[in-house]
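Structure first, then comments.
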Amino acid sequence: MQGAYAINKLKQDSSHKEKMADDLPNVLLLGTPSVFKAYEREFSEKYHFLKPGESSIPLHQFLSTHAGSVKAAFCSASSRVTTDVLQSLPELRFIMNSSVGVDHIDLHECKRRGVKVANAGPIFSEDVADAAVGLLIDVLRRISAANRFVKAELWHQNGDYQLGHKLGGKRVGIVGMGSIGLDVAKRLNAFGCIISYTSRNEKPHVKFPFCPNIQELAAKSEILVICCALTDQTRHMIDKSVVLALGRDGIIVNIARGAIINEKDLVECLLQQEIAGVGLDVFENEPDVPEELLELDNVVMTPHHAVMTDESLRDVYELVVRNLDAFFSNKPLMFEVTRV
């Protein structure tokens, strides 16, 4: 009898959970955002996630199967939201993006279809700015290379390690003066760096000198820190001509998007010693990294991880929940993307 009771109880619990899941709003999950991995249990208590990545059927078939029930989607930067995807989801009205960059979303088609898009806004700005400064100091002071030197027990054999360079007093050009660029500028200004910047437009509230184009900024800088969005205008903006304008003692740090740099040109300039070093958190064809970079001590790399801290993931979780709740309650969104 007890066994029968236990089986019936399990069935009742399972039925109750299924009913609860049926009552939750459907949200299409495109890609697997890091914040979803970290907070999947909490997310799943509030929404019913449709996961094409875990389905055995092709994406287009999965989307057509759920086309009538999907009004909201949650996506990562690694999952492209193309015109074809949007056409497969006629009821879609909201896309929550887990990152700041929206170059993977067809914003023109979203606007045409009346699909609202929101991103992470300035939530990651401080963490990304910290990472940018960390990469820059690492390249200048050769910290990662020196760490390898010590761990390989070369100190006894080779004696003193080669000198690095100080950060204070360096002329730094910030490429893109949004919230991340401004946080980078504030940090480097505190180190005594001389800051200038270029952006789509001059920012009236920014006290640092403005350069109208990347060539002029590179020519007057020793360091470029790339903080801009990836667009048709910025794709491969950092090419060989920009590197040569920066000079042999120049350093580039990229915490934005990999394709802003022409990777082929960058590799060539590094091998020809036409630039002093680079710090890269992003790459053009992630997770693939040019093999030539792997053996260079003047190249410091991280795996697109500048945004990743415990604190930032918690903040993004709370933002995503707030925005999904707002959408399903027909309330205003936070950090809605209005530019196209």
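Note on naming: chains are A, B, ... as they come in the structure tokens, residues start from 1 per chain, ligands start from 1 in the order shown.
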
DSSP on the backbone: what in region 91-220 of chain A comes out alpha helix (DSSP H), as number ranges by chain? A: 107-113, 125-141, 143-151, 155-158, 179-190, 214-219

Taking 5 positions as the minimum chain separation for residues in the same chain, which residues sit within 8 Å of Ser196 (chain A) when counting only C-alpha atoms? Answer as a ChimeraX atom specification. /A:171-174,208-211,217

Write out, as a PDB file, in the first residue's frame, the residues just selected, with N, CA, C and O atoms.
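So out-v5.pdb came out as:
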ATOM      1  N   ARG A 171      49.941  57.894 -24.188  1.00  0.00           N
ATOM      2  CA  ARG A 171      48.875  58.508 -24.978  1.00  0.00           C
ATOM      3  C   ARG A 171      47.934  57.399 -25.457  1.00  0.00           C
ATOM      4  O   ARG A 171      48.333  56.548 -26.242  1.00  0.00           O
ATOM      5  N   VAL A 172      46.708  57.433 -24.944  1.00  0.00           N
ATOM      6  CA  VAL A 172      45.750  56.352 -25.209  1.00  0.00           C
ATOM      7  C   VAL A 172      44.576  56.884 -26.021  1.00  0.00           C
ATOM      8  O   VAL A 172      43.941  57.879 -25.647  1.00  0.00           O
ATOM      9  N   GLY A 173      44.269  56.206 -27.123  1.00  0.00           N
ATOM     10  CA  GLY A 173      43.103  56.532 -27.931  1.00  0.00           C
ATOM     11  C   GLY A 173      41.993  55.522 -27.669  1.00  0.00           C
ATOM     12  O   GLY A 173      42.202  54.314 -27.796  1.00  0.00           O
ATOM     13  N   ILE A 174      40.834  56.017 -27.287  1.00  0.00           N
ATOM     14  CA  ILE A 174      39.668  55.154 -27.046  1.00  0.00           C
ATOM     15  C   ILE A 174      38.810  55.157 -28.312  1.00  0.00           C
ATOM     16  O   ILE A 174      38.392  56.211 -28.788  1.00  0.00           O
ATOM     17  N   PHE A 208      37.550  64.743 -22.802  1.00  0.00           N
ATOM     18  CA  PHE A 208      38.762  64.378 -23.517  1.00  0.00           C
ATOM     19  C   PHE A 208      38.689  64.839 -24.974  1.00  0.00           C
ATOM     20  O   PHE A 208      37.602  64.924 -25.549  1.00  0.00           O
ATOM     21  N   PRO A 209      39.822  65.115 -25.603  1.00  0.00           N
ATOM     22  CA  PRO A 209      39.835  65.572 -26.995  1.00  0.00           C
ATOM     23  C   PRO A 209      39.250  64.542 -27.954  1.00  0.00           C
ATOM     24  O   PRO A 209      39.466  63.341 -27.806  1.00  0.00           O
ATOM     25  N   PHE A 210      38.515  65.047 -28.943  1.00  0.00           N
ATOM     26  CA  PHE A 210      37.849  64.203 -29.936  1.00  0.00           C
ATOM     27  C   PHE A 210      38.630  64.207 -31.244  1.00  0.00           C
ATOM     28  O   PHE A 210      39.104  65.253 -31.687  1.00  0.00           O
ATOM     29  N   CYS A 211      38.777  63.021 -31.846  1.00  0.00           N
ATOM     30  CA  CYS A 211      39.377  62.895 -33.174  1.00  0.00           C
ATOM     31  C   CYS A 211      38.290  62.452 -34.146  1.00  0.00           C
ATOM     32  O   CYS A 211      37.555  61.503 -33.855  1.00  0.00           O
ATOM     33  N   LEU A 217      43.358  59.443 -34.824  1.00  0.00           N
ATOM     34  CA  LEU A 217      43.499  58.972 -33.448  1.00  0.00           C
ATOM     35  C   LEU A 217      44.729  58.081 -33.301  1.00  0.00           C
ATOM     36  O   LEU A 217      45.500  58.226 -32.350  1.00  0.00           O
TER      37      LEU A 217
END

If you take only C-alpha atoms and a cut-off of 9 Å, which residues of region 96-191 of chain A touch region 286-306 of chain A, and what are their nearest atom pairs and distances in Å to one decimal, in chain and number order, as a Markdown table?
| residue | atom | partner | partner_atom | distance |
| --- | --- | --- | --- | --- |
| A:Phe124 | CA | A:Ala306 | CA | 8.5 |
| A:Asp127 | CA | A:Ala306 | CA | 6.6 |
| A:Val128 | CA | A:Ala306 | CA | 4.9 |
| A:Ala129 | CA | A:Ala306 | CA | 8.2 |
| A:Asp130 | CA | A:Ala306 | CA | 8.1 |
| A:Ala131 | CA | A:Ala306 | CA | 5.4 |
| A:Ala132 | CA | A:Ala306 | CA | 7.6 |
| A:Leu135 | CA | A:Val300 | CA | 6.8 |
| A:Leu136 | CA | A:Val300 | CA | 8.8 |
| A:Asp138 | CA | A:Val300 | CA | 7.2 |
| A:Val139 | CA | A:Asn298 | CA | 6.3 |
| A:Leu140 | CA | A:Asn298 | CA | 8.6 |
| A:Arg142 | CA | A:Asn298 | CA | 7.2 |
| A:Ser144 | CA | A:Val300 | CA | 7.2 |
| A:Ala145 | CA | A:Asp297 | CA | 5.6 |

Mind checking which residues fall within 10 Å of region 254-258 of chain A, counting only C-alpha atoms, ignoring those fewer than 3 positions away in the same chain, and posting them as number ranges by chain? A: 100-101, 103, 128-129, 131-132, 135-136, 175-176, 180-181, 224-231, 234-236, 261-263, 278-286, 301-302, 304-307

Using only C-alpha atoms, which of A:Pro332, A:Gly53, A:Gly134, A:Gly164 sits nearest Leu30 (chain A)?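 Closest candidate: A:Gly53.
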
As an NGL selection string, please: every residue in region 88-163 of chain A that DSSP puts in strand (DSSP E). :A and (94-97 or 116-118)

Find the residue from A:Ala190, A:Met237, A:Val253, A:Ile195 that sits nearest to Asn213 (chain A); use only C-alpha atoms when measuring.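 For Asn213 (chain A), the nearest of the candidates is A:Met237.
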